[in-house]
file final-v6.csv (CSV, C-alpha atoms)
chain,number,residue,atom,x,y,z
X,415,ARG,CA,-0.4,19.4,2.0
X,416,ASP,CA,-2.9,16.8,3.1
X,417,ASN,CA,-4.4,15.7,-0.2
X,418,ASN,CA,-5.5,12.1,-0.7
X,419,ILE,CA,-3.1,10.3,-3.1
X,420,LEU,CA,-3.6,7.4,-5.4
X,421,ILE,CA,-0.5,5.4,-6.3
X,422,GLN,CA,-0.6,3.3,-9.5
X,423,GLY,CA,1.9,0.5,-10.1
X,424,GLU,CA,2.2,-3.2,-10.8
X,425,THR,CA,2.3,-5.6,-7.9
X,426,GLY,CA,5.6,-5.6,-6.2
X,427,THR,CA,6.7,-2.1,-7.3
X,428,GLY,CA,7.0,-0.8,-3.7
X,429,LYS,CA,3.7,1.1,-3.4
X,430,GLU,CA,3.5,0.6,0.4
X,431,ILE,CA,7.1,1.7,1.0
X,432,PHE,CA,6.4,4.8,-1.2
X,433,ALA,CA,3.2,5.5,0.8
X,434,GLN,CA,5.1,5.2,4.1
X,435,GLY,CA,7.6,7.7,2.8
X,436,ILE,CA,4.9,10.2,2.0
X,437,HIS,CA,3.5,9.8,5.5
X,438,ASN,CA,6.9,10.2,7.1
X,439,LEU,CA,7.3,13.6,5.4
X,440,SER,CA,3.8,14.8,6.1
X,441,LEU,CA,2.3,16.8,9.0
X,442,ARG,CA,0.8,13.5,10.3
X,443,ARG,CA,4.2,11.8,10.6
X,444,ARG,CA,3.9,11.6,14.5
X,445,GLN,CA,0.7,9.7,14.1
X,446,LYS,CA,0.1,6.1,12.9
X,447,PHE,CA,0.6,4.8,9.4
X,448,VAL,CA,-1.8,1.8,9.0
X,449,ALA,CA,-1.8,-0.3,5.9
X,450,VAL,CA,-4.4,-2.9,4.7
X,451,ASN,CA,-4.2,-5.0,1.5
X,452,CYS,CA,-7.7,-5.0,0.2
X,453,ALA,CA,-7.0,-8.0,-2.0
X,454,ALA,CA,-5.9,-10.2,0.9
X,455,PHE,CA,-9.2,-10.4,2.9
X,456,PRO,CA,-12.6,-11.7,1.9
X,457,GLU,CA,-15.6,-9.4,1.6
X,458,THR,CA,-17.1,-10.8,4.7
X,459,LEU,CA,-14.2,-9.7,6.8
X,460,ILE,CA,-13.0,-6.4,5.4
X,461,GLU,CA,-15.8,-4.2,6.6
X,462,GLY,CA,-15.2,-5.3,10.2
X,463,MET,CA,-11.5,-4.9,9.8
X,464,LEU,CA,-11.9,-1.3,8.5
X,465,PHE,CA,-14.7,0.0,10.7
X,466,GLY,CA,-14.4,-2.3,13.8
X,467,THR,CA,-17.1,-4.4,15.4
X,468,VAL,CA,-19.4,-4.3,18.4
X,469,LYS,CA,-19.9,-7.4,20.6
X,470,GLY,CA,-23.1,-9.2,19.6
X,471,ALA,CA,-23.2,-7.7,16.1
X,472,PHE,CA,-22.9,-11.2,14.7
X,473,THR,CA,-22.0,-14.6,16.0
X,474,GLY,CA,-18.5,-14.5,17.7
X,475,SER,CA,-18.1,-10.7,17.3
X,476,THR,CA,-16.3,-8.7,20.0
X,477,ASP,CA,-15.7,-5.1,20.7
X,478,LYS,CA,-12.8,-4.5,18.3
X,479,VAL,CA,-11.2,-1.3,17.0
X,480,GLY,CA,-11.1,-1.1,13.2
X,481,LEU,CA,-8.1,0.1,11.1
X,482,MET,CA,-9.8,3.4,10.4
X,483,GLU,CA,-10.1,4.1,14.1
X,484,GLU,CA,-6.6,2.9,14.6
X,485,ALA,CA,-5.3,5.3,11.9
X,486,ASN,CA,-7.4,8.3,13.1
X,487,HIS,CA,-5.4,11.5,12.9
X,488,GLY,CA,-2.7,9.6,10.9
X,489,THR,CA,-2.6,7.9,7.5
X,490,LEU,CA,-4.5,4.9,6.2
X,491,PHE,CA,-3.0,3.1,3.2
X,492,LEU,CA,-5.5,1.1,1.1
X,493,ASP,CA,-3.4,-1.2,-1.0
X,494,GLU,CA,-4.9,-2.6,-4.3
X,495,LEU,CA,-8.2,-0.7,-3.7
X,496,ASN,CA,-9.4,-1.9,-7.1
X,497,SER,CA,-9.8,-5.3,-5.5
X,498,MET,CA,-12.5,-4.0,-3.1
X,499,SER,CA,-16.1,-4.8,-4.1
X,500,LEU,CA,-18.3,-1.9,-5.3
X,501,THR,CA,-20.6,-2.4,-2.3
X,502,MET,CA,-17.6,-1.8,0.1
X,503,GLN,CA,-16.4,1.1,-2.1
X,504,SER,CA,-19.8,2.7,-1.6
X,505,LYS,CA,-19.6,2.4,2.2
X,506,LEU,CA,-16.0,3.8,2.1
X,507,LEU,CA,-17.2,6.8,0.0
X,508,ARG,CA,-19.9,7.6,2.5
X,509,VAL,CA,-17.5,7.6,5.4
X,510,LEU,CA,-15.1,9.9,3.5
X,511,GLN,CA,-17.9,12.3,2.7
X,512,GLU,CA,-19.4,12.4,6.1
X,513,ARG,CA,-16.1,12.1,8.1
X,514,THR,CA,-17.9,9.8,10.5
X,515,PHE,CA,-18.4,6.1,10.7
X,516,ARG,CA,-19.8,3.4,12.9
X,517,ARG,CA,-18.4,0.1,14.0
X,518,VAL,CA,-20.3,-2.9,12.5
X,519,GLY,CA,-23.3,-3.4,14.8
X,520,GLY,CA,-22.7,-0.1,16.6
X,521,LYS,CA,-25.0,2.8,17.1
X,522,LYS,CA,-22.5,5.5,17.9
X,523,ASP,CA,-21.0,7.8,15.3
X,524,LEU,CA,-17.2,8.2,15.5
X,525,GLU,CA,-15.5,11.2,14.0
X,526,LEU,CA,-12.8,10.5,11.4
X,527,ASP,CA,-9.7,12.6,10.7
X,528,VAL,CA,-7.5,10.5,8.5
X,529,ARG,CA,-5.5,10.9,5.3
X,530,ILE,CA,-6.1,8.2,2.7
X,531,ILE,CA,-3.4,7.0,0.4
X,532,SER,CA,-4.6,4.2,-1.9
X,533,SER,CA,-3.1,2.2,-4.6
X,534,CYS,CA,-4.1,0.3,-7.8
X,535,ASN,CA,-2.2,-2.5,-9.5
X,536,GLU,CA,-4.1,-1.7,-12.7
X,537,ASP,CA,-4.7,1.5,-14.7
X,538,PRO,CA,-7.2,3.3,-12.5
X,539,PHE,CA,-8.9,5.1,-15.4
X,540,GLN,CA,-9.5,1.7,-17.1
X,541,THR,CA,-10.9,0.2,-13.9
X,542,VAL,CA,-13.3,3.1,-13.7
X,543,GLU,CA,-14.4,2.5,-17.3
X,544,GLU,CA,-14.8,-1.3,-16.5
X,545,ASN,CA,-16.9,-0.5,-13.5
X,546,LYS,CA,-14.4,-2.0,-11.1
X,547,PHE,CA,-13.7,1.3,-9.4
X,548,ARG,CA,-16.5,3.7,-8.5
X,549,ARG,CA,-16.0,7.0,-10.4
X,550,ASP,CA,-17.1,9.2,-7.5
X,551,LEU,CA,-14.7,7.4,-5.1
X,552,PHE,CA,-11.9,7.6,-7.7
X,553,TYR,CA,-12.2,11.4,-7.9
X,554,ARG,CA,-12.4,11.6,-4.1
X,555,LEU,CA,-9.1,9.7,-3.6
X,556,SER,CA,-7.1,10.9,-6.6
X,557,SER,CA,-6.3,14.5,-5.8
X,558,VAL,CA,-2.8,13.5,-6.8
X,559,ILE,CA,-1.9,10.4,-8.9
X,560,ILE,CA,1.6,8.9,-8.7
X,561,GLU,CA,2.7,6.2,-11.1
X,562,LEU,CA,5.5,3.9,-10.0
X,563,PRO,CA,7.2,2.3,-13.0
X,564,PRO,CA,8.0,-1.5,-13.1
X,565,LEU,CA,11.6,-2.4,-12.2
X,566,ARG,CA,12.3,-3.4,-15.9
X,567,GLU,CA,11.8,0.3,-16.8
X,568,HIS,CA,14.4,1.7,-14.4
X,569,LEU,CA,17.2,-0.9,-14.3
X,570,GLU,CA,19.7,1.9,-13.7
X,571,ASP,CA,18.5,1.7,-10.0
X,572,LEU,CA,19.3,-2.0,-9.7
X,573,GLU,CA,22.6,-1.5,-7.9
X,574,GLN,CA,21.3,0.9,-5.4
X,575,LEU,CA,18.2,-1.2,-4.7
X,576,THR,CA,20.3,-4.3,-4.3
X,577,TRP,CA,22.5,-2.7,-1.7
X,578,TYR,CA,19.5,-1.3,0.0
X,579,HIS,CA,18.0,-4.8,0.5
X,580,LEU,CA,21.3,-6.1,1.6
X,581,GLU,CA,21.6,-3.5,4.3
X,582,GLN,CA,18.0,-4.0,5.4
X,583,THR,CA,18.6,-7.7,6.0
X,584,ALA,CA,22.3,-7.7,7.1
X,585,PHE,CA,21.4,-8.3,10.7
X,586,GLN,CA,20.1,-11.8,9.8
X,587,TYR,CA,23.5,-13.1,8.6
X,588,VAL,CA,26.8,-13.9,10.1
X,589,HIS,CA,28.9,-12.6,7.2
X,590,ARG,CA,28.4,-9.1,5.8
X,591,ILE,CA,28.5,-8.6,2.0
X,592,THR,CA,30.9,-5.9,1.1
X,593,ARG,CA,31.3,-6.4,-2.7
X,594,ILE,CA,29.3,-7.6,-5.6
X,595,GLN,CA,31.0,-8.8,-8.8
X,596,PRO,CA,30.1,-6.8,-12.0
X,597,GLN,CA,28.9,-10.1,-13.6
X,598,VAL,CA,26.1,-10.2,-11.1
X,599,TYR,CA,24.7,-6.9,-12.2
X,600,GLN,CA,24.9,-8.1,-15.8
X,601,LEU,CA,22.7,-11.0,-14.9
X,602,LEU,CA,20.3,-8.9,-13.0
X,603,ARG,CA,19.9,-6.4,-15.9
X,604,ALA,CA,19.2,-9.3,-18.3
X,605,TYR,CA,16.2,-10.5,-16.3
X,606,ARG,CA,12.7,-9.0,-16.8
X,607,TRP,CA,11.6,-8.9,-13.1
X,608,PRO,CA,7.9,-9.7,-13.4
X,609,GLY,CA,7.7,-9.5,-9.6
X,610,ASN,CA,9.4,-6.1,-9.6
X,611,VAL,CA,11.2,-4.7,-6.5
X,612,ARG,CA,9.6,-7.4,-4.2
X,613,GLU,CA,11.1,-10.1,-6.4
X,614,LEU,CA,14.5,-8.5,-6.3
X,615,ARG,CA,14.4,-8.5,-2.5
X,616,GLN,CA,13.6,-12.2,-2.5
X,617,LYS,CA,16.4,-13.0,-5.0
X,618,VAL,CA,18.9,-11.0,-3.0
X,619,MET,CA,18.0,-12.8,0.3
X,620,GLY,CA,18.1,-16.2,-1.5
X,621,ALA,CA,21.5,-15.5,-3.0
X,622,VAL,CA,23.0,-14.5,0.4
X,623,LEU,CA,21.7,-17.8,1.9
X,624,GLN,CA,23.4,-20.0,-0.7
call {"tool": "encode", "arguments": {"input": "final-v6.csv", "output": "structure tokens"}}
result
Amino acid sequence: RDNNILIQGETGTGKEIFAQGIHNLSLRRRQKFVAVNCAAFPETLIEGMLFGTVKGAFTGSTDKVGLMEEANHGTLFLDELNSMSLTMQSKLLRVLQERTFRRVGGKKDLELDVRIISSCNEDPFQTVEENKFRRDLFYRLSSVIIELPPLREHLEDLEQLTWYHLEQTAFQYVHRITRIQPQVYQLLRAYRWPGNVRELRQKVMGAVLQ
């Protein structure tokens, strides 16, 4: 299936990792997976980042491929889409409807064949009601909605997640961790994890360095 997917979850719940997993199991897995955090870039930059630019479009602009063009035939992950302005959401909707786009300042239409996986760090239905998320764009991107629970709601996975992060970072350290005392897991389960899986990763890395 090639449906657009919307992932809902608090910041740090691993939405990008989950999106990457969906891409890796899809028919587009041999093509690029491109991710952009919509909350990390100002309004003045994100249009050029997504659609690319043409030299002379504005002062200092160059011929530059945008993330949509880079992800063409693959998957584009729009993280925290609810942070994108309504004006930019409108431009994105038009591109998805017409399946073509232009670089900023360009005159040539470029065909688009990309799967969109997006995410919200708030309840998407509530953001629609609060006019933070265009209703028509929401319906366009939410053929499937997946909710990722915060870490405090699935503490039974703490042990597996801890070992996963240790294995992912083992190459950075001289000594390999082979055992974790039960008391450590008791402390981990007693914590509320406001930063979710991302915070767990940082805590694990910090503990190894001590």
call {"tool": "residues_around", "arguments": {"input": "final-v6.csv", "residues": "His487 in chain X", "least_positions_apart": "2", "cutoff": "10 Å", "atoms": "all atoms listed in the file", "output": "VMD selection string"}}
result
chain X and resid 442 to 447 482 to 485 489 to 490 526 to 529
call {"tool": "residues_around", "arguments": {"input": "final-v6.csv", "residues": "range 415-423 of chain X", "least_positions_apart": "2", "cutoff": "6 Å", "atoms": "all atoms listed in the file", "output": "list of chain:residue names"}}
result
X:Ile530, X:Ile531, X:Ser532, X:Ser533, X:Cys534, X:Asn535, X:Leu555, X:Ser556, X:Ser557, X:Val558, X:Ile559, X:Ile560, X:Glu561, X:Leu562
call {"tool": "residues_around", "arguments": {"input": "final-v6.csv", "residues": "range 508-510 of chain X", "least_positions_apart": "2", "cutoff": "10 Å", "atoms": "all atoms listed in the file", "output": "ChimeraX atom specification"}}
result
/X:465,502-506,512-516,525-530,551,554-555
call {"tool": "atom_distance", "arguments": {"input": "final-v6.csv", "atom1": "CA of Thr501 in chain X", "atom2": "CA of Pro538 in chain X"}}
result
17.8 Å
call {"tool": "atom_distance", "arguments": {"input": "final-v6.csv", "atom1": "CA of Tyr553 in chain X", "atom2": "CA of Glu567 in chain X"}}
result
27.9 Å
call {"tool": "closest_residue", "arguments": {"input": "final-v6.csv", "among": "X:Val448, X:Lys617, X:Ile594, X:Ile431", "to": "Asn486 in chain X", "atoms": "only C-alpha atoms"}}
result
X:Val448
call {"tool": "atom_distance", "arguments": {"input": "final-v6.csv", "atom1": "CA of Leu614 in chain X", "atom2": "CA of Thr576 in chain X"}}
result
7.4 Å
call {"tool": "residues_around", "arguments": {"input": "final-v6.csv", "residues": "Phe472 in chain X", "least_positions_apart": "6", "cutoff": "12 Å", "atoms": "only C-alpha atoms", "output": "list in words"}}
result
Thr458, Leu459, Gly462, Val518, Gly519 and Gly520 of chain X
call {"tool": "closest_residue", "arguments": {"input": "final-v6.csv", "among": "X:Arg517, X:Leu441, X:Leu495, X:Arg593", "to": "Phe547 in chain X", "atoms": "only C-alpha atoms"}}
result
X:Leu495
call {"tool": "closest_residue", "arguments": {"input": "final-v6.csv", "among": "X:Gln600, X:Trp607, X:Glu494, X:Glu457", "to": "Asp537 in chain X", "atoms": "only C-alpha atoms"}}
result
X:Glu494
call {"tool": "closest_residue", "arguments": {"input": "final-v6.csv", "among": "X:Lys469, X:His568, X:His579, X:Arg548", "to": "Lys521 in chain X", "atoms": "only C-alpha atoms"}}
result
X:Lys469
call {"tool": "closest_residue", "arguments": {"input": "final-v6.csv", "among": "X:Leu572, X:Lys522, X:Val479, X:Asn496", "to": "Thr541 in chain X", "atoms": "only C-alpha atoms"}}
result
X:Asn496
call {"tool": "decode", "arguments": {"input": "final-v6.csv", "residues": "range 461-472 of chain X", "atoms": "all heavy atoms", "output": "mmCIF file, in the first residue's frame"}}
result
data_model
loop_
_atom_site.group_PDB
_atom_site.id
_atom_site.type_symbol
_atom_site.label_atom_id
_atom_site.label_comp_id
_atom_site.auth_asym_id
_atom_site.auth_seq_id
_atom_site.Cartn_x
_atom_site.Cartn_y
_atom_site.Cartn_z
ATOM 1 N N GLU X 461 9.897 27.125 2.603
ATOM 2 C CA GLU X 461 9.406 26.960 1.231
ATOM 3 C C GLU X 461 10.545 26.619 0.283
ATOM 4 O O GLU X 461 10.437 25.709 -0.544
ATOM 5 C CB GLU X 461 8.685 28.227 0.763
ATOM 6 C CG GLU X 461 8.094 28.084 -0.639
ATOM 7 C CD GLU X 461 7.271 29.285 -1.066
ATOM 8 O OE1 GLU X 461 7.212 30.278 -0.318
ATOM 9 O OE2 GLU X 461 6.689 29.233 -2.172
ATOM 10 N N GLY X 462 11.649 27.345 0.397
ATOM 11 C CA GLY X 462 12.802 27.057 -0.445
ATOM 12 C C GLY X 462 13.401 25.700 -0.151
ATOM 13 O O GLY X 462 13.872 25.010 -1.047
ATOM 14 N N MET X 463 13.368 25.294 1.130
ATOM 15 C CA MET X 463 13.886 23.978 1.494
ATOM 16 C C MET X 463 13.065 22.866 0.875
ATOM 17 O O MET X 463 13.599 21.878 0.382
ATOM 18 C CB MET X 463 13.906 23.828 3.008
ATOM 19 C CG MET X 463 14.982 24.607 3.710
ATOM 20 S SD MET X 463 15.060 24.162 5.449
ATOM 21 C CE MET X 463 15.358 22.410 5.343
ATOM 22 N N LEU X 464 11.743 23.029 0.900
ATOM 23 C CA LEU X 464 10.868 21.977 0.371
ATOM 24 C C LEU X 464 10.867 21.932 -1.151
ATOM 25 O O LEU X 464 10.965 20.858 -1.755
ATOM 26 C CB LEU X 464 9.441 22.178 0.879
ATOM 27 C CG LEU X 464 9.138 21.742 2.306
ATOM 28 C CD1 LEU X 464 7.701 22.108 2.676
ATOM 29 C CD2 LEU X 464 9.347 20.242 2.470
ATOM 30 N N PHE X 465 10.732 23.096 -1.787
ATOM 31 C CA PHE X 465 10.532 23.129 -3.234
ATOM 32 C C PHE X 465 11.793 23.427 -4.030
ATOM 33 O O PHE X 465 11.811 23.267 -5.243
ATOM 34 C CB PHE X 465 9.458 24.165 -3.583
ATOM 35 C CG PHE X 465 8.140 23.925 -2.906
ATOM 36 C CD1 PHE X 465 7.414 24.975 -2.360
ATOM 37 C CD2 PHE X 465 7.620 22.644 -2.788
ATOM 38 C CE1 PHE X 465 6.193 24.757 -1.732
ATOM 39 C CE2 PHE X 465 6.409 22.421 -2.161
ATOM 40 C CZ PHE X 465 5.694 23.480 -1.628
ATOM 41 N N GLY X 466 12.846 23.882 -3.336
ATOM 42 C CA GLY X 466 14.056 24.252 -4.054
ATOM 43 C C GLY X 466 13.992 25.694 -4.533
ATOM 44 O O GLY X 466 12.957 26.351 -4.460
ATOM 45 N N THR X 467 15.109 26.197 -5.031
ATOM 46 C CA THR X 467 15.178 27.587 -5.478
ATOM 47 C C THR X 467 15.871 27.683 -6.833
ATOM 48 O O THR X 467 16.597 26.772 -7.257
ATOM 49 C CB THR X 467 15.957 28.454 -4.463
ATOM 50 O OG1 THR X 467 17.264 27.890 -4.263
ATOM 51 C CG2 THR X 467 15.231 28.520 -3.129
ATOM 52 N N VAL X 468 15.623 28.825 -7.489
ATOM 53 C CA VAL X 468 16.270 29.134 -8.767
ATOM 54 C C VAL X 468 17.153 30.355 -8.564
ATOM 55 O O VAL X 468 16.769 31.302 -7.861
ATOM 56 C CB VAL X 468 15.212 29.409 -9.862
ATOM 57 C CG1 VAL X 468 15.866 29.966 -11.118
ATOM 58 C CG2 VAL X 468 14.450 28.131 -10.188
ATOM 59 N N LYS X 469 18.308 30.358 -9.148
ATOM 60 C CA LYS X 469 19.229 31.478 -9.008
ATOM 61 C C LYS X 469 18.561 32.770 -9.447
ATOM 62 O O LYS X 469 17.941 32.842 -10.510
ATOM 63 C CB LYS X 469 20.486 31.220 -9.847
ATOM 64 C CG LYS X 469 21.570 32.276 -9.674
ATOM 65 C CD LYS X 469 22.824 31.920 -10.468
ATOM 66 C CE LYS X 469 23.922 32.959 -10.252
ATOM 67 N NZ LYS X 469 25.144 32.615 -11.022
ATOM 68 N N GLY X 470 18.672 33.793 -8.607
ATOM 69 C CA GLY X 470 18.084 35.084 -8.929
ATOM 70 C C GLY X 470 16.673 35.270 -8.421
ATOM 71 O O GLY X 470 16.093 36.351 -8.565
ATOM 72 N N ALA X 471 16.090 34.229 -7.802
ATOM 73 C CA ALA X 471 14.722 34.344 -7.291
ATOM 74 C C ALA X 471 14.655 35.381 -6.178
ATOM 75 O O ALA X 471 13.662 36.081 -6.019
ATOM 76 C CB ALA X 471 14.232 32.995 -6.783
ATOM 77 N N PHE X 472 15.716 35.477 -5.398
ATOM 78 C CA PHE X 472 15.848 36.489 -4.357
ATOM 79 C C PHE X 472 17.335 36.682 -4.089
ATOM 80 O O PHE X 472 18.174 35.913 -4.589
ATOM 81 C CB PHE X 472 15.095 36.092 -3.077
ATOM 82 C CG PHE X 472 15.430 34.724 -2.560
ATOM 83 C CD1 PHE X 472 16.531 34.514 -1.741
ATOM 84 C CD2 PHE X 472 14.643 33.626 -2.918
ATOM 85 C CE1 PHE X 472 16.846 33.258 -1.270
ATOM 86 C CE2 PHE X 472 14.954 32.352 -2.455
ATOM 87 C CZ PHE X 472 16.068 32.172 -1.633
#
